[in-house]
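Engineer: Quick one, protein-v4.pdb (PDB, C-alpha atoms, pLDDT in the B column):
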ATOM      1  CA  MET S 256     -29.339 -52.535  38.138  1.00 93.00           C
ATOM      2  CA  THR S 257     -26.780 -54.050  40.477  1.00 96.00           C
ATOM      3  CA  THR S 258     -27.507 -54.571  44.170  1.00 97.00           C
ATOM      4  CA  MET S 259     -24.871 -54.421  46.906  1.00 98.00           C
ATOM      5  CA  GLN S 260     -25.198 -54.598  50.664  1.00 98.00           C
ATOM      6  CA  LEU S 261     -23.663 -52.113  53.098  1.00 97.00           C
ATOM      7  CA  ILE S 262     -23.410 -51.843  56.845  1.00 96.00           C
ATOM      8  CA  HIS S 263     -25.550 -49.035  58.237  1.00 98.00           C
ATOM      9  CA  PRO S 264     -22.829 -46.412  58.925  1.00 97.00           C
ATOM     10  CA  GLN S 265     -21.401 -46.761  55.400  1.00 97.00           C
ATOM     11  CA  TRP S 266     -24.886 -46.617  53.843  1.00 98.00           C
ATOM     12  CA  LEU S 267     -25.562 -43.359  55.707  1.00 97.00           C
ATOM     13  CA  LEU S 268     -22.261 -41.866  54.517  1.00 97.00           C
ATOM     14  CA  ILE S 269     -23.093 -42.606  50.871  1.00 97.00           C
ATOM     15  CA  LYS S 270     -26.604 -41.227  51.319  1.00 96.00           C
ATOM     16  CA  SER S 271     -25.194 -37.996  52.789  1.00 95.00           C
ATOM     17  CA  GLY S 272     -22.746 -37.639  49.904  1.00 94.00           C
ATOM     18  CA  LEU S 273     -19.691 -37.704  52.192  1.00 96.00           C
ATOM     19  CA  LYS S 274     -18.606 -41.151  51.038  1.00 98.00           C
ATOM     20  CA  THR S 275     -18.246 -41.191  47.268  1.00 98.00           C
ATOM     21  CA  ILE S 276     -16.031 -44.267  46.805  1.00 98.00           C
ATOM     22  CA  GLU S 277     -17.217 -47.806  47.501  1.00 98.00           C
ATOM     23  CA  ILE S 278     -14.361 -50.316  47.654  1.00 98.00           C
ATOM     24  CA  ARG S 279     -14.896 -53.893  46.528  1.00 97.00           C
ATOM     25  CA  LEU S 280     -12.954 -56.855  45.204  1.00 97.00           C
ATOM     26  CA  ASN S 281     -12.704 -56.689  41.440  1.00 97.00           C
ATOM     27  CA  ASP S 282     -14.637 -59.940  41.125  1.00 96.00           C
ATOM     28  CA  ALA S 283     -16.788 -61.003  38.169  1.00 95.00           C
ATOM     29  CA  LYS S 284     -19.791 -58.980  39.407  1.00 95.00           C
ATOM     30  CA  ARG S 285     -17.740 -55.763  39.619  1.00 97.00           C
ATOM     31  CA  GLN S 286     -15.939 -56.443  36.322  1.00 96.00           C
ATOM     32  CA  ALA S 287     -19.316 -56.355  34.577  1.00 97.00           C
ATOM     33  CA  LEU S 288     -20.098 -52.841  35.841  1.00 98.00           C
ATOM     34  CA  GLN S 289     -19.915 -49.846  33.527  1.00 98.00           C
ATOM     35  CA  VAL S 290     -19.920 -46.111  34.133  1.00 98.00           C
ATOM     36  CA  GLY S 291     -23.539 -44.943  34.141  1.00 98.00           C
ATOM     37  CA  ASP S 292     -24.897 -48.144  35.702  1.00 98.00           C
ATOM     38  CA  ILE S 293     -27.385 -47.903  38.549  1.00 97.00           C
ATOM     39  CA  VAL S 294     -26.299 -49.416  41.864  1.00 98.00           C
ATOM     40  CA  ASN S 295     -28.849 -50.137  44.583  1.00 97.00           C
ATOM     41  CA  PHE S 296     -27.251 -50.193  48.040  1.00 98.00           C
ATOM     42  CA  ILE S 297     -29.218 -52.089  50.682  1.00 98.00           C
ATOM     43  CA  ASP S 298     -28.718 -51.096  54.327  1.00 98.00           C
ATOM     44  CA  LEU S 299     -28.067 -54.345  56.209  1.00 97.00           C
ATOM     45  CA  THR S 300     -29.614 -52.932  59.401  1.00 98.00           C
ATOM     46  CA  THR S 301     -32.779 -51.268  58.117  1.00 98.00           C
ATOM     47  CA  GLY S 302     -33.281 -52.869  54.708  1.00 98.00           C
ATOM     48  CA  GLN S 303     -33.607 -49.398  53.165  1.00 97.00           C
ATOM     49  CA  GLN S 304     -32.550 -48.969  49.576  1.00 97.00           C
ATOM     50  CA  LEU S 305     -30.359 -46.214  48.164  1.00 97.00           C
ATOM     51  CA  ILE S 306     -30.285 -45.845  44.404  1.00 97.00           C
ATOM     52  CA  THR S 307     -27.004 -44.439  43.085  1.00 98.00           C
ATOM     53  CA  GLN S 308     -25.348 -43.950  39.741  1.00 98.00           C
ATOM     54  CA  LEU S 309     -21.867 -45.210  39.001  1.00 98.00           C
ATOM     55  CA  ILE S 310     -19.847 -42.256  37.744  1.00 98.00           C
ATOM     56  CA  ASP S 311     -16.350 -43.757  37.658  1.00 98.00           C
ATOM     57  CA  ILE S 312     -14.612 -47.116  37.999  1.00 98.00           C
ATOM     58  CA  THR S 313     -10.917 -47.399  38.813  1.00 98.00           C
ATOM     59  CA  ARG S 314      -9.183 -50.734  39.261  1.00 98.00           C
ATOM     60  CA  PHE S 315      -6.120 -51.310  41.437  1.00 98.00           C
ATOM     61  CA  ALA S 316      -3.848 -54.234  42.279  1.00 97.00           C
ATOM     62  CA  SER S 317      -3.974 -53.581  46.030  1.00 97.00           C
ATOM     63  CA  PHE S 318      -5.779 -51.748  48.796  1.00 97.00           C
ATOM     64  CA  GLU S 319      -2.613 -49.729  49.435  1.00 97.00           C
ATOM     65  CA  SER S 320      -2.598 -48.302  45.928  1.00 97.00           C
ATOM     66  CA  LEU S 321      -6.357 -47.637  45.955  1.00 98.00           C
ATOM     67  CA  LEU S 322      -6.436 -46.002  49.370  1.00 97.00           C
ATOM     68  CA  SER S 323      -3.466 -43.800  48.497  1.00 97.00           C
ATOM     69  CA  GLU S 324      -5.529 -42.190  45.728  1.00 97.00           C
ATOM     70  CA  TYR S 325      -8.492 -41.016  47.831  1.00 97.00           C
ATOM     71  CA  THR S 326      -9.069 -39.176  51.085  1.00 97.00           C
ATOM     72  CA  ALA S 327     -10.190 -41.118  54.127  1.00 97.00           C
ATOM     73  CA  VAL S 328     -13.576 -39.362  54.015  1.00 97.00           C
ATOM     74  CA  GLN S 329     -14.152 -40.288  50.357  1.00 98.00           C
ATOM     75  CA  VAL S 330     -13.863 -44.000  51.249  1.00 98.00           C
ATOM     76  CA  GLY S 331     -15.957 -43.803  54.421  1.00 97.00           C
ATOM     77  CA  SER S 332     -13.259 -43.504  57.083  1.00 97.00           C
ATOM     78  CA  ALA S 333     -12.735 -40.790  59.674  1.00 96.00           C
ATOM     79  CA  PRO S 334     -10.782 -37.734  58.502  1.00 96.00           C
ATOM     80  CA  GLY S 335      -7.043 -38.247  58.807  1.00 95.00           C
ATOM     81  CA  THR S 336      -7.195 -42.039  59.109  1.00 97.00           C
ATOM     82  CA  PRO S 337      -3.804 -43.384  57.953  1.00 97.00           C
ATOM     83  CA  VAL S 338      -3.700 -45.548  54.827  1.00 97.00           C
ATOM     84  CA  THR S 339      -2.103 -48.387  56.804  1.00 96.00           C
ATOM     85  CA  GLN S 340      -5.069 -48.470  59.202  1.00 97.00           C
ATOM     86  CA  MET S 341      -7.602 -48.403  56.346  1.00 97.00           C
ATOM     87  CA  VAL S 342      -5.761 -51.268  54.628  1.00 97.00           C
ATOM     88  CA  GLN S 343      -5.909 -53.336  57.828  1.00 97.00           C
ATOM     89  CA  GLU S 344      -9.653 -52.639  58.106  1.00 96.00           C
ATOM     90  CA  MET S 345     -10.196 -53.797  54.507  1.00 96.00           C
ATOM     91  CA  LEU S 346      -8.224 -56.974  55.200  1.00 96.00           C
ATOM     92  CA  THR S 347     -10.781 -57.903  57.873  1.00 95.00           C
ATOM     93  CA  LEU S 348     -13.311 -58.155  55.012  1.00 94.00           C
ATOM     94  CA  TYR S 349     -11.176 -59.626  52.238  1.00 95.00           C
ATOM     95  CA  SER S 350      -8.198 -61.978  52.471  1.00 95.00           C
ATOM     96  CA  PRO S 351      -4.826 -61.193  50.904  1.00 95.00           C
ATOM     97  CA  VAL S 352      -5.388 -64.210  48.627  1.00 96.00           C
ATOM     98  CA  GLN S 353      -8.680 -62.744  47.353  1.00 96.00           C
ATOM     99  CA  VAL S 354      -6.996 -59.398  46.705  1.00 97.00           C
ATOM    100  CA  ALA S 355      -4.069 -61.059  44.892  1.00 96.00           C
ATOM    101  CA  GLN S 356      -6.449 -63.072  42.689  1.00 96.00           C
ATOM    102  CA  SER S 357      -8.965 -60.353  41.804  1.00 96.00           C
ATOM    103  CA  GLY S 358      -7.475 -56.967  42.600  1.00 97.00           C
ATOM    104  CA  VAL S 359      -9.722 -54.261  43.999  1.00 98.00           C
ATOM    105  CA  VAL S 360     -11.953 -51.601  42.531  1.00 98.00           C
ATOM    106  CA  ALA S 361     -12.994 -48.094  43.519  1.00 98.00           C
ATOM    107  CA  LEU S 362     -16.596 -47.449  42.518  1.00 98.00           C
ATOM    108  CA  GLN S 363     -17.374 -43.736  42.500  1.00 98.00           C
ATOM    109  CA  VAL S 364     -21.094 -43.293  43.099  1.00 98.00           C
ATOM    110  CA  ARG S 365     -23.560 -40.499  43.651  1.00 97.00           C
ATOM    111  CA  PRO S 366     -27.051 -40.835  45.105  1.00 96.00           C
ATOM    112  CA  LEU S 367     -29.752 -40.073  42.584  1.00 95.00           C
ATOM    113  CA  ILE S 368     -31.987 -37.080  43.271  1.00 78.00           C
ATOM    114  CA  GLY S 369     -34.848 -37.813  45.631  1.00 66.00           C
ATOM    115  CA  GLN S 370     -32.964 -40.349  47.713  1.00 57.00           C
TER     116      GLN S 370
END
Let me see the structure of the file written as structure tokens.
Structural biologist:
Amino acid sequence: MTTMQLIHPQWLLIKSGLKTIEIRLNDAKRQALQVGDIVNFIDLTTGQQLITQLIDITRFASFESLLSEYTAVQVGSAPGTPVTQMVQEMLTLYSPVQVAQSGVVALQVRPLIGQ
């Protein structure tokens, strides 16, 4: 099982099933993931755990290419949020150098029953 931390609003969106794509750098930890793996998301505010299953992994060279493939809601943004705005928000978390070195990954998850 892999553990990842999420801010409270994003944790709630995954729990509700609205957010189905978690975006991360394609670092060594994410490169080791496989479809079917269990991912435990920890809410940074409450400490609550959310057990999910990884149902797809798609790697991209940039946030622009990743965010162009999914709806804003799927990635945890407000409906209709422009790709350019979502890219800028992601670049507050990860530097362009990190993205250039590792690429990015879209982790499609679903909460397991009973969560």
Engineer: Between stretch 297-323 of chain S and stretch 342-360 of chain S, at 6 Å or less, what are the per-residue closest atom pairs and their distances in Å? Count only C-alpha atoms, order by chain and rising residue number, and return it as CSV.
Structural biologist:
residue,atom,partner,partner_atom,distance
S:Thr313,CA,S:Val360,CA,5.7
S:Arg314,CA,S:Val360,CA,4.4
S:Phe315,CA,S:Val359,CA,5.3
S:Ala316,CA,S:Gly358,CA,4.6
S:Ser317,CA,S:Gly358,CA,6.0
S:Phe318,CA,S:Val342,CA,5.9
Engineer: Could the residues in this selection be written to a file with C-alpha atoms, as a JSON list (two decimals), keeping the file's coordinate frame?
Structural biologist:
[["chain", "number", "residue", "atom", "x", "y", "z"],
["S", 313, "THR", "CA", -10.92, -47.40, 38.81],
["S", 314, "ARG", "CA", -9.18, -50.73, 39.26],
["S", 315, "PHE", "CA", -6.12, -51.31, 41.44],
["S", 316, "ALA", "CA", -3.85, -54.23, 42.28],
["S", 317, "SER", "CA", -3.97, -53.58, 46.03],
["S", 318, "PHE", "CA", -5.78, -51.75, 48.80]]
Engineer: Neighbouring residues of S:Leu309 were defined as those with any atom within 9 Å, considering only C-alpha atoms; residues of the same chain fewer than 6 positions away were excluded. Please report them as an MDAnalysis selection string.
Structural biologist: chainID S and resid 288:294 362:365
Engineer: Just the residues within 12 Å of stretch 268-275 of chain S, please, counting only C-alpha atoms, with nothing from its chain fewer than 3 positions along; format it as a PyMOL selection string.
Structural biologist: chain S and resi 261-265+278+294-298+303-312+325-334+361-370
Engineer: Take the residues just selected and output them with C-alpha atoms as a compact mmCIF listing (two decimals), in the coordinates of the input.
Structural biologist:
# COMPACT_ATOMS: atom_id res chain seq x y z
CA LEU S 261 -23.66 -52.11 53.10
CA ILE S 262 -23.41 -51.84 56.84
CA HIS S 263 -25.55 -49.04 58.24
CA PRO S 264 -22.83 -46.41 58.92
CA GLN S 265 -21.40 -46.76 55.40
CA ILE S 278 -14.36 -50.32 47.65
CA VAL S 294 -26.30 -49.42 41.86
CA ASN S 295 -28.85 -50.14 44.58
CA PHE S 296 -27.25 -50.19 48.04
CA ILE S 297 -29.22 -52.09 50.68
CA ASP S 298 -28.72 -51.10 54.33
CA GLN S 303 -33.61 -49.40 53.16
CA GLN S 304 -32.55 -48.97 49.58
CA LEU S 305 -30.36 -46.21 48.16
CA ILE S 306 -30.28 -45.84 44.40
CA THR S 307 -27.00 -44.44 43.08
CA GLN S 308 -25.35 -43.95 39.74
CA LEU S 309 -21.87 -45.21 39.00
CA ILE S 310 -19.85 -42.26 37.74
CA ASP S 311 -16.35 -43.76 37.66
CA ILE S 312 -14.61 -47.12 38.00
CA TYR S 325 -8.49 -41.02 47.83
CA THR S 326 -9.07 -39.18 51.08
CA ALA S 327 -10.19 -41.12 54.13
CA VAL S 328 -13.58 -39.36 54.02
CA GLN S 329 -14.15 -40.29 50.36
CA VAL S 330 -13.86 -44.00 51.25
CA GLY S 331 -15.96 -43.80 54.42
CA SER S 332 -13.26 -43.50 57.08
CA ALA S 333 -12.74 -40.79 59.67
CA PRO S 334 -10.78 -37.73 58.50
CA ALA S 361 -12.99 -48.09 43.52
CA LEU S 362 -16.60 -47.45 42.52
CA GLN S 363 -17.37 -43.74 42.50
CA VAL S 364 -21.09 -43.29 43.10
CA ARG S 365 -23.56 -40.50 43.65
CA PRO S 366 -27.05 -40.84 45.10
CA LEU S 367 -29.75 -40.07 42.58
CA ILE S 368 -31.99 -37.08 43.27
CA GLY S 369 -34.85 -37.81 45.63
CA GLN S 370 -32.96 -40.35 47.71
Engineer: If I take atom CA of S:Leu280 and atom CA of S:Thr336, how far is one from the other in Å, to one decimal?
Structural biologist: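 Taking atom CA of S:Leu280 and atom CA of S:Thr336, their separation equals 21.1 Å.
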Engineer: Can you tell me how far atom CA of S:Arg279 sits from atom CA of S:Gly335, in Å to one decimal?
Structural biologist: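 Interatomic distance here is 21.4 Å.
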Engineer: Any idea what the distance is between atom CA of S:Thr301 and atom CA of S:Ile276?
Structural biologist: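 Going from atom CA of S:Thr301 over to atom CA of S:Ile276, I get 21.4 Å.
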Engineer: Centre and edge lengths, as AutoDock Vina command-line options, for the axis-aligned box enclosing every listed atom of stretch 330-344 of chain S with 4 Å of padding on each of the six sides, in Å to one decimal?
Structural biologist:
--center_x -9.0 --center_y -45.5 --center_z 55.5 --size_x 21.9 --size_y 23.6 --size_z 16.4
Engineer: Between S:Asp282, S:Glu277, S:Glu324, S:Glu319, single out the one closest to S:Thr339, counting all atoms listed in the file.
Structural biologist: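 Smallest separation from S:Thr339 among the options: S:Glu319.
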